[in-house]
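Listing of coords-v5.csv, CSV, C-alpha atoms
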chain,number,residue,atom,x,y,z
H,949,MET,CA,106.8,100.0,111.3
H,950,GLU,CA,105.3,103.4,110.6
H,951,VAL,CA,101.8,103.4,109.0
H,952,SER,CA,100.2,106.0,106.8
H,953,ALA,CA,97.0,105.8,108.8
H,954,ARG,CA,96.7,109.3,110.3
H,955,ASN,CA,95.1,108.2,113.6
H,956,ALA,CA,96.9,106.1,116.2
H,957,LEU,CA,95.4,106.6,119.7
H,958,LYS,CA,97.2,105.1,122.6
H,959,GLY,CA,95.2,103.3,125.3
H,960,ASN,CA,94.5,100.1,127.2
H,961,VAL,CA,92.3,97.1,126.4
H,962,LYS,CA,89.2,97.4,128.6
H,963,ALA,CA,87.2,94.6,127.2
H,964,LEU,CA,87.6,91.7,124.7
H,965,VAL,CA,84.8,89.6,123.2
H,966,ILE,CA,85.9,86.6,121.0
H,967,GLY,CA,83.6,85.2,118.2
H,968,ALA,CA,84.2,82.4,115.7
H,969,VAL,CA,85.9,84.7,113.1
H,970,ASN,CA,86.0,88.1,114.7
H,971,ALA,CA,86.9,89.7,118.1
H,972,GLU,CA,85.6,93.0,119.5
H,973,VAL,CA,88.2,95.0,121.4
H,974,THR,CA,87.3,98.0,123.6
H,975,VAL,CA,90.2,100.4,124.1
H,976,GLU,CA,90.2,103.2,126.7
H,977,VAL,CA,92.2,106.1,125.2
H,978,ALA,CA,91.5,108.6,127.9
H,979,PRO,CA,89.3,108.5,131.1
H,980,GLY,CA,85.8,108.0,129.8
H,981,ILE,CA,86.8,107.9,126.1
H,982,GLU,CA,86.6,104.5,124.5
H,983,ILE,CA,87.1,103.2,121.0
H,984,VAL,CA,85.7,99.8,119.9
H,985,ALA,CA,87.5,97.8,117.2
H,986,VAL,CA,86.3,94.6,115.4
H,987,ILE,CA,89.4,92.7,114.2
H,988,THR,CA,89.9,89.1,113.2
H,989,LYS,CA,90.1,86.6,116.1
H,990,SER,CA,93.5,85.4,114.8
H,991,SER,CA,94.9,89.0,114.8
H,992,ALA,CA,93.7,89.3,118.4
H,993,GLU,CA,95.6,86.1,119.3
H,994,ARG,CA,98.7,87.1,117.3
H,995,LEU,CA,99.0,90.4,119.1
H,996,GLY,CA,98.4,88.7,122.5
H,997,LEU,CA,95.5,91.0,123.4
H,998,ALA,CA,94.2,90.8,126.9
H,999,GLU,CA,92.5,93.2,129.3
H,1000,GLY,CA,94.8,95.9,130.5
H,1001,LYS,CA,97.3,95.5,127.6
H,1002,GLU,CA,98.6,98.8,126.2
H,1003,VAL,CA,97.7,99.2,122.5
H,1004,TYR,CA,96.9,101.7,119.8
H,1005,ALA,CA,93.6,102.2,118.1
H,1006,VAL,CA,94.5,102.9,114.5
H,1007,VAL,CA,92.1,104.4,112.0
H,1008,LYS,CA,92.6,105.6,108.4
H,1009,ALA,CA,91.5,109.2,107.8
H,1010,SER,CA,89.1,108.2,105.0
H,1011,ASP,CA,87.3,105.9,107.5
H,1012,VAL,CA,86.4,108.8,109.8
H,1013,MET,CA,83.1,110.6,109.4
H,1014,ILE,CA,82.1,113.9,110.9
H,1015,ALA,CA,78.8,114.4,112.6
H,1016,THR,CA,77.1,117.6,114.1
H,1017,ASP,CA,74.3,117.8,116.6
G,1172,MET,CA,69.5,110.2,114.2
G,1173,GLU,CA,71.3,107.4,116.1
G,1174,VAL,CA,74.0,105.5,114.1
G,1175,SER,CA,75.2,101.9,114.5
G,1176,ALA,CA,78.8,103.1,114.3
G,1177,ARG,CA,80.2,102.2,117.8
G,1178,ASN,CA,82.5,105.2,118.0
G,1179,ALA,CA,81.5,108.9,118.2
G,1180,LEU,CA,84.1,111.1,119.8
G,1181,LYS,CA,83.1,114.7,120.7
G,1182,GLY,CA,85.5,117.4,119.9
G,1183,ASN,CA,86.2,120.7,118.0
G,1184,VAL,CA,87.5,121.3,114.5
G,1185,LYS,CA,91.1,122.4,114.8
G,1186,ALA,CA,92.0,122.5,111.1
G,1187,LEU,CA,90.3,122.2,107.8
G,1188,VAL,CA,92.0,121.7,104.4
G,1189,ILE,CA,89.7,121.9,101.3
G,1190,GLY,CA,90.6,120.1,98.0
G,1191,ALA,CA,88.7,119.7,94.7
G,1192,VAL,CA,86.7,116.6,95.8
G,1193,ASN,CA,87.7,116.0,99.4
G,1194,ALA,CA,88.3,117.9,102.6
G,1195,GLU,CA,90.6,117.0,105.5
G,1196,VAL,CA,89.2,117.8,109.0
G,1197,THR,CA,91.3,117.6,112.2
G,1198,VAL,CA,89.2,117.2,115.3
G,1199,GLU,CA,90.6,117.7,118.8
G,1200,VAL,CA,88.8,115.2,121.0
G,1201,ALA,CA,90.8,115.9,124.2
G,1202,PRO,CA,93.8,118.1,125.0
G,1203,GLY,CA,96.6,116.7,122.7
G,1204,ILE,CA,94.4,114.0,121.2
G,1205,GLU,CA,93.4,114.6,117.6
G,1206,ILE,CA,91.5,112.6,115.0
G,1207,VAL,CA,91.9,113.4,111.3
G,1208,ALA,CA,89.0,112.7,108.9
G,1209,VAL,CA,88.9,112.9,105.1
G,1210,ILE,CA,85.3,113.6,103.9
G,1211,THR,CA,83.9,115.0,100.7
G,1212,LYS,CA,84.1,118.7,100.2
G,1213,SER,CA,80.4,119.0,99.8
G,1214,SER,CA,79.8,117.2,103.1
G,1215,ALA,CA,82.1,119.7,104.8
G,1216,GLU,CA,80.1,122.5,103.3
G,1217,ARG,CA,76.7,120.9,104.1
G,1218,LEU,CA,77.7,120.5,107.8
G,1219,GLY,CA,79.0,124.1,107.9
G,1220,LEU,CA,82.4,123.0,109.2
G,1221,ALA,CA,84.8,125.7,110.4
G,1222,GLU,CA,87.6,125.9,112.9
G,1223,GLY,CA,86.3,125.7,116.4
G,1224,LYS,CA,83.0,124.1,115.6
G,1225,GLU,CA,81.8,121.3,117.9
G,1226,VAL,CA,81.6,118.0,116.0
G,1227,TYR,CA,81.8,114.3,116.5
G,1228,ALA,CA,84.4,112.0,114.9
G,1229,VAL,CA,82.4,108.9,114.0
G,1230,VAL,CA,84.1,105.5,113.2
G,1231,LYS,CA,82.7,102.1,112.5
G,1232,ALA,CA,84.2,99.4,114.7
G,1233,SER,CA,85.2,97.3,111.7
G,1234,ASP,CA,87.4,100.3,110.5
G,1235,VAL,CA,89.5,100.4,113.6
G,1236,MET,CA,92.7,98.4,113.8
G,1237,ILE,CA,94.7,97.5,116.9
G,1238,ALA,CA,98.5,98.0,117.0
G,1239,THR,CA,101.0,97.1,119.7
G,1240,ASP,CA,104.6,98.4,120.2
V,58,MET,CA,104.6,98.8,115.9
V,59,GLU,CA,102.7,95.6,115.0
V,60,VAL,CA,99.3,96.1,113.5
V,61,SER,CA,96.2,93.9,113.6
V,62,ALA,CA,95.7,94.3,109.8
V,63,ARG,CA,96.1,90.8,108.4
V,64,ASN,CA,97.7,91.9,105.2
V,65,ALA,CA,101.1,93.7,104.8
V,66,LEU,CA,102.6,93.1,101.4
V,67,LYS,CA,106.2,94.3,100.9
V,68,GLY,CA,107.2,96.1,97.8
V,69,ASN,CA,108.5,99.3,96.2
V,70,VAL,CA,106.8,102.5,95.3
V,71,LYS,CA,106.5,102.5,91.5
V,72,ALA,CA,104.4,105.7,91.0
V,73,LEU,CA,103.3,108.6,93.1
V,74,VAL,CA,100.6,111.2,92.2
V,75,ILE,CA,100.0,114.1,94.6
V,76,GLY,CA,96.6,116.0,94.8
V,77,ALA,CA,95.4,118.8,97.1
V,78,VAL,CA,94.3,116.4,99.9
V,79,ASN,CA,95.2,112.9,98.8
V,80,ALA,CA,98.1,111.0,97.1
V,81,GLU,CA,97.9,107.9,95.0
V,82,VAL,CA,100.7,105.4,95.6
V,83,THR,CA,101.4,102.4,93.3
V,84,VAL,CA,103.4,99.7,95.0
V,85,GLU,CA,104.9,96.8,93.1
V,86,VAL,CA,104.8,93.8,95.4
V,87,ALA,CA,106.1,91.2,92.9
V,88,PRO,CA,107.0,91.4,89.2
V,89,GLY,CA,103.8,92.4,87.5
V,90,ILE,CA,101.7,92.6,90.7
V,91,GLU,CA,100.9,96.1,91.8
V,92,ILE,CA,98.7,97.5,94.6
V,93,VAL,CA,97.4,101.1,94.4
V,94,ALA,CA,96.7,103.0,97.6
V,95,VAL,CA,95.1,106.4,98.1
V,96,ILE,CA,96.4,108.0,101.3
V,97,THR,CA,96.5,111.6,102.5
V,98,LYS,CA,99.1,113.9,101.0
V,99,SER,CA,100.5,114.6,104.5
V,100,SER,CA,100.9,110.9,105.3
V,101,ALA,CA,102.8,110.5,102.0
V,102,GLU,CA,105.1,113.4,103.0
V,103,ARG,CA,105.5,112.2,106.6
V,104,LEU,CA,106.6,108.7,105.4
V,105,GLY,CA,109.0,110.3,102.9
V,106,LEU,CA,107.5,108.4,100.0
V,107,ALA,CA,109.3,108.5,96.7
V,108,GLU,CA,109.6,106.2,93.7
V,109,GLY,CA,111.7,103.2,94.5
V,110,LYS,CA,111.3,103.4,98.3
V,111,GLU,CA,110.6,100.1,100.0
V,112,VAL,CA,107.2,100.1,101.7
V,113,TYR,CA,104.4,97.7,102.8
V,114,ALA,CA,100.8,97.9,101.4
V,115,VAL,CA,98.7,97.2,104.4
V,116,VAL,CA,95.0,96.2,104.2
V,117,LYS,CA,92.5,95.2,106.9
V,118,ALA,CA,90.9,91.8,106.1
V,119,SER,CA,87.4,93.2,106.3
V,120,ASP,CA,88.3,95.6,103.4
V,121,VAL,CA,89.1,92.8,101.0
V,122,MET,CA,86.5,91.4,98.7
V,123,ILE,CA,86.5,88.1,96.8
V,124,ALA,CA,85.6,87.9,93.1
V,125,THR,CA,85.2,85.0,90.8
V,126,ASP,CA,85.2,84.9,87.0
Z,1035,MET,CA,81.2,93.2,85.4
Z,1036,GLU,CA,84.2,95.6,85.7
Z,1037,VAL,CA,84.7,97.3,89.1
Z,1038,SER,CA,86.3,100.6,90.0
Z,1039,ALA,CA,88.3,99.0,92.7
Z,1040,ARG,CA,91.9,99.5,91.6
Z,1041,ASN,CA,93.2,96.3,93.0
Z,1042,ALA,CA,92.2,92.8,91.8
Z,1043,LEU,CA,94.9,90.2,92.6
Z,1044,LYS,CA,94.4,86.7,91.1
Z,1045,GLY,CA,95.0,83.7,93.3
Z,1046,ASN,CA,93.7,80.5,94.8
Z,1047,VAL,CA,91.7,79.9,98.0
Z,1048,LYS,CA,94.2,78.4,100.5
Z,1049,ALA,CA,92.0,78.3,103.6
Z,1050,LEU,CA,88.4,79.0,104.5
Z,1051,VAL,CA,87.0,79.5,108.1
Z,1052,ILE,CA,83.2,79.8,108.4
Z,1053,GLY,CA,81.6,81.7,111.4
Z,1054,ALA,CA,77.9,82.5,112.1
Z,1055,VAL,CA,77.9,85.7,110.1
Z,1056,ASN,CA,81.3,86.0,108.5
Z,1057,ALA,CA,83.9,83.8,106.7
Z,1058,GLU,CA,87.6,84.3,106.6
Z,1059,VAL,CA,89.2,83.5,103.2
Z,1060,THR,CA,92.9,83.2,102.7
Z,1061,VAL,CA,94.0,83.7,99.0
Z,1062,GLU,CA,97.5,82.9,97.8
Z,1063,VAL,CA,98.3,85.4,95.0
Z,1064,ALA,CA,101.9,84.3,94.4
Z,1065,PRO,CA,104.2,81.7,96.1
Z,1066,GLY,CA,104.4,82.9,99.7
Z,1067,ILE,CA,102.2,85.9,99.2
Z,1068,GLU,CA,98.8,85.6,100.9
Z,1069,ILE,CA,95.9,88.0,101.3
Z,1070,VAL,CA,93.2,87.4,103.9
Z,1071,ALA,CA,89.6,88.5,103.4
Z,1072,VAL,CA,86.7,88.6,105.8
Z,1073,ILE,CA,83.4,88.5,103.9
Z,1074,THR,CA,79.9,87.4,104.8
Z,1075,LYS,CA,79.2,83.7,105.1
Z,1076,SER,CA,76.4,84.0,102.6
Z,1077,SER,CA,78.7,85.7,100.0
Z,1078,ALA,CA,81.2,82.8,100.5
Z,1079,GLU,CA,78.4,80.3,99.8
Z,1080,ARG,CA,77.0,82.3,96.9
Z,1081,LEU,CA,80.4,82.3,95.2
Z,1082,GLY,CA,80.9,78.6,95.9
Z,1083,LEU,CA,84.3,79.2,97.6
Z,1084,ALA,CA,86.3,76.2,98.5
Z,1085,GLU,CA,90.0,75.4,99.0
Z,1086,GLY,CA,91.9,75.6,95.6
Z,1087,LYS,CA,89.2,77.6,93.8
Z,1088,GLU,CA,90.6,80.4,91.6
Z,1089,VAL,CA,89.5,83.8,92.8
Z,1090,TYR,CA,90.5,87.5,92.9
Z,1091,ALA,CA,91.2,89.5,96.0
Z,1092,VAL,CA,89.7,92.9,95.3
Z,1093,VAL,CA,90.6,96.0,97.3
Z,1094,LYS,CA,89.5,99.7,96.9
Z,1095,ALA,CA,92.6,102.0,96.7
Z,1096,SER,CA,91.2,104.1,99.6
Z,1097,ASP,CA,91.3,101.0,101.9
Z,1098,VAL,CA,95.1,100.4,101.4
Z,1099,MET,CA,97.6,102.0,103.8
Z,1100,ILE,CA,101.3,102.4,103.3
Z,1101,ALA,CA,103.8,101.4,106.0
Z,1102,THR,CA,107.5,101.9,106.2
Z,1103,ASP,CA,110.1,100.1,108.4
M,669,MET,CA,83.3,88.8,87.3
M,670,GLU,CA,81.1,88.2,90.4
M,671,VAL,CA,82.1,90.0,93.6
M,672,SER,CA,81.5,89.1,97.2
M,673,ALA,CA,80.2,92.6,98.0
M,674,ARG,CA,76.6,92.0,99.0
M,675,ASN,CA,75.3,95.2,97.5
M,676,ALA,CA,75.2,96.2,93.8
M,677,LEU,CA,72.5,98.7,93.0
M,678,LYS,CA,71.9,99.4,89.3
M,679,GLY,CA,71.5,103.0,88.2
M,680,ASN,CA,72.7,105.8,86.0
M,681,VAL,CA,75.4,108.4,86.5
M,682,LYS,CA,73.7,111.7,87.3
M,683,ALA,CA,76.8,113.8,88.1
M,684,LEU,CA,80.5,113.5,87.9
M,685,VAL,CA,83.1,115.8,89.5
M,686,ILE,CA,86.8,115.2,88.8
M,687,GLY,CA,89.6,116.2,91.1
M,688,ALA,CA,93.4,115.7,90.9
M,689,VAL,CA,93.3,112.2,92.5
M,690,ASN,CA,89.7,111.4,93.1
M,691,ALA,CA,86.3,111.6,91.3
M,692,GLU,CA,82.9,112.0,92.8
M,693,VAL,CA,80.2,110.0,91.1
M,694,THR,CA,76.4,110.4,91.8
M,695,VAL,CA,74.3,107.4,90.8
M,696,GLU,CA,70.5,107.5,90.6
M,697,VAL,CA,69.4,104.0,91.6
M,698,ALA,CA,65.7,104.8,91.6
M,699,PRO,CA,63.6,108.0,91.1
M,700,GLY,CA,64.8,110.3,93.9
M,701,ILE,CA,67.3,107.8,95.4
M,702,GLU,CA,70.9,108.7,94.8
M,703,ILE,CA,74.2,107.1,95.9
M,704,VAL,CA,77.4,109.1,95.9
M,705,ALA,CA,80.8,107.4,95.3
M,706,VAL,CA,84.3,108.7,95.6
M,707,ILE,CA,86.6,106.6,93.4
M,708,THR,CA,90.0,107.4,91.9
M,709,LYS,CA,90.1,109.6,88.9
M,710,SER,CA,91.9,106.9,86.9
M,711,SER,CA,89.1,104.3,87.7
M,712,ALA,CA,86.5,106.8,86.5
M,713,GLU,CA,88.5,107.2,83.2
M,714,ARG,CA,89.1,103.4,82.8
M,715,LEU,CA,85.4,102.7,83.2
M,716,GLY,CA,84.5,105.5,80.8
M,717,LEU,CA,82.1,107.1,83.2
M,718,ALA,CA,79.9,109.9,81.9
M,719,GLU,CA,76.5,111.4,82.8
M,720,GLY,CA,73.7,109.0,81.8
M,721,LYS,CA,75.9,105.9,81.7
M,722,GLU,CA,74.4,102.7,83.3
M,723,VAL,CA,76.4,101.6,86.3
M,724,TYR,CA,76.2,99.7,89.6
M,725,ALA,CA,76.9,101.2,92.9
M,726,VAL,CA,78.8,98.4,94.8
M,727,VAL,CA,79.2,98.4,98.6
M,728,LYS,CA,80.6,95.8,101.0
M,729,ALA,CA,78.2,94.9,103.8
M,730,SER,CA,80.7,95.7,106.4
M,731,ASP,CA,80.8,99.3,105.1
M,732,VAL,CA,77.1,99.9,105.7
M,733,MET,CA,75.9,101.4,108.9
M,734,ILE,CA,72.4,101.4,110.3
M,735,ALA,CA,70.8,104.6,111.7
M,736,THR,CA,67.5,105.2,113.4
M,737,ASP,CA,65.6,108.5,113.9
J,826,MET,CA,72.9,114.2,114.8
J,827,GLU,CA,73.8,115.0,111.1
J,828,VAL,CA,76.5,112.8,109.6
J,829,SER,CA,79.0,113.6,106.9
J,830,ALA,CA,78.3,110.2,105.2
J,831,ARG,CA,76.8,111.2,101.9
J,832,ASN,CA,74.5,108.3,101.6
J,833,ALA,CA,71.5,107.6,104.0
J,834,LEU,CA,68.8,105.5,102.3
J,835,LYS,CA,65.6,105.1,104.3
J,836,GLY,CA,64.0,101.7,104.5
J,837,ASN,CA,62.7,98.8,106.7
J,838,VAL,CA,64.6,95.9,108.3
J,839,LYS,CA,63.6,92.9,106.2
J,840,ALA,CA,65.9,90.3,107.9
J,841,LEU,CA,68.2,90.1,110.9
J,842,VAL,CA,70.9,87.4,111.5
J,843,ILE,CA,72.7,87.5,114.9
J,844,GLY,CA,76.2,86.1,115.4
J,845,ALA,CA,78.6,86.0,118.3
J,846,VAL,CA,80.2,89.4,117.5
J,847,ASN,CA,78.3,90.7,114.4
J,848,ALA,CA,74.8,91.0,113.1
J,849,GLU,CA,73.7,91.0,109.4
J,850,VAL,CA,70.9,93.4,108.7
J,851,THR,CA,68.9,93.4,105.4
J,852,VAL,CA,67.2,96.8,104.7
J,853,GLU,CA,64.6,97.2,101.9
J,854,VAL,CA,65.0,100.7,100.6
J,855,ALA,CA,62.5,100.4,97.8
J,856,PRO,CA,60.4,97.6,96.4
J,857,GLY,CA,63.0,95.0,95.3
J,858,ILE,CA,66.0,97.1,96.3
J,859,GLU,CA,67.8,95.8,99.4
J,860,ILE,CA,71.0,96.8,101.1
J,861,VAL,CA,72.8,94.4,103.5
J,862,ALA,CA,74.8,95.7,106.5
J,863,VAL,CA,77.1,93.9,108.9
J,864,ILE,CA,77.2,95.8,112.2
J,865,THR,CA,78.2,94.7,115.7
J,866,LYS,CA,75.7,92.6,117.6
J,867,SER,CA,75.7,95.2,120.4
J,868,SER,CA,74.9,98.0,118.0
J,869,ALA,CA,72.0,96.0,116.7
J,870,GLU,CA,70.8,95.6,120.3
J,871,ARG,CA,71.4,99.2,121.2
J,872,LEU,CA,69.3,100.4,118.2
J,873,GLY,CA,66.5,98.0,119.0
J,874,LEU,CA,66.6,96.5,115.5
J,875,ALA,CA,63.8,94.1,114.6
J,876,GLU,CA,62.1,93.1,111.4
J,877,GLY,CA,59.9,95.8,110.0
J,878,LYS,CA,61.6,98.7,111.9
J,879,GLU,CA,62.2,101.8,109.9
J,880,VAL,CA,65.9,102.5,109.6
J,881,TYR,CA,68.5,104.2,107.3
J,882,ALA,CA,71.3,102.4,105.5
J,883,VAL,CA,74.3,104.8,105.8
J,884,VAL,CA,77.4,104.6,103.6
J,885,LYS,CA,80.4,106.8,103.3
J,886,ALA,CA,81.1,107.9,99.7
J,887,SER,CA,84.6,106.6,99.8
J,888,ASP,CA,83.2,103.1,100.6
J,889,VAL,CA,81.2,103.0,97.4
J,890,MET,CA,82.6,101.4,94.2
J,891,ILE,CA,81.3,101.8,90.7
J,892,ALA,CA,80.9,98.8,88.4
J,893,THR,CA,80.0,98.5,84.7
J,894,ASP,CA,78.7,95.5,82.8

Re-express the file's structure as structure tokens.
Amino acid sequence: MEVSARNALKGNVKALVIGAVNAEVTVEVAPGIEIVAVITKSSAERLGLAEGKEVYAVVKASDVMIATD
Amino acid sequence: MEVSARNALKGNVKALVIGAVNAEVTVEVAPGIEIVAVITKSSAERLGLAEGKEVYAVVKASDVMIATD
Amino acid sequence: MEVSARNALKGNVKALVIGAVNAEVTVEVAPGIEIVAVITKSSAERLGLAEGKEVYAVVKASDVMIATD
Amino acid sequence: MEVSARNALKGNVKALVIGAVNAEVTVEVAPGIEIVAVITKSSAERLGLAEGKEVYAVVKASDVMIATD
Amino acid sequence: MEVSARNALKGNVKALVIGAVNAEVTVEVAPGIEIVAVITKSSAERLGLAEGKEVYAVVKASDVMIATD
Amino acid sequence: MEVSARNALKGNVKALVIGAVNAEVTVEVAPGIEIVAVITKSSAERLGLAEGKEVYAVVKASDVMIATD
């Protein structure tokens, strides 16, 4: 499946925190560069997420903001 | 200003496309790793965005999805 | 690629409007049931979208609201 | 109240999972077609959500992605 | 229609900019307090938006970030 | 840090509910006008959020909908 979301950064699951409804997934996409996702707990289970697993962090372009110092 | 958004990736503006309402900003956060943002044209102007400028790509954790091959 | 987004509704592109930065895609997922997406113009081009093409409308669960009459 | 969100799919609540902050609502919009929403627990309570209740799944067009096989 | 979105701020349309696909709507919710929305052009037309019109700016709680100085 | 998000409303934290993964933050931006945010629990901790603290409610323009009566 190819998705219209412009951003798909490859990395590995570095941390996984499971709540009642949601799960927080930390993905390391490069040394020292991490992206944190909050997805539903059942999606985390369906995808078989676990520390070390290779995944993509996917983000729609309209959900990205730009900041300057 | 410090923002609750969990993700703020530092990089440089690599490309900028301006429309009537929106602008598309491509940020290179590491060699070969790019993040594309669609923000309003007036935000792009207010921040003085231009190719080469140092910026952050900011994303709320709930806007990140996880994909697996 | 399998995505954490909980919702992926199969359908056909019924209409496509292209702007300078964005494109509006209308997907018919069942007779009389349509879902409208706004994605970037370049994503629309990359996916080769055209009227009639079979696609999925994908939505993250945290982006869905519930309304009652 | 009429909302700018382009998508409002009518259906019935098929499942409801309540967490500390959020609730996961599964809406059946047609036989075999379900949409899952994560909303705040207090919104779920305010709307009086319960299995079988008739609701709308509402999605902003900019939150819909398109995927192809 | 009652919506699960936790935030609905009443105000008046102060400015309206129309693009090919999207429209930018500025709503004044209190003296000196404005909220800017980008919605589809066709939603702006369907709702009959015009300067001065009374509207609500509606935002899902998961789309609000918190910042500190 | 200056952010492209068009909306940053200044206010005070009026209520704070902490879950396993997320936190719900109610910000009073003017007398009688409140905005509710759901952010990650760790962001709430990192920002040192507490009742009464001065904060900004930040929202991207593409995440705002318009509703009419």

*asked:* Only residues of chain M matter here; which ones have an atom within 12 Å of chain H, counting only C-alpha atoms? Give them as JSON, numbers by chain.
replied: {"M": [706, 707, 730, 731, 732, 733]}

*asked:* Applying 12 Å and all atoms listed in the file, which residues near stretch 955-962 of chain H remain after dropping the ones on its own chain fewer than 5 positions away? List them as a ChimeraX atom specification.
replied: /H:950,972-985,992,995-1012 /G:1197-1201,1203-1209,1228,1230,1234-1240 /V:58,60,97,100 /Z:1099

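Across the model, the gap from atom CA of J:Val842 to atom CA of Z:Lys1075 is 11.1 Å.
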
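Counting from atom CA of J:Ala848, the distance to atom CA of H:Arg994 is 24.6 Å.
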
*asked:* One number please: atom CA of G:Arg1177 to atom CA of J:Ala840, in Å, one decimal.
replied: 21.1 Å
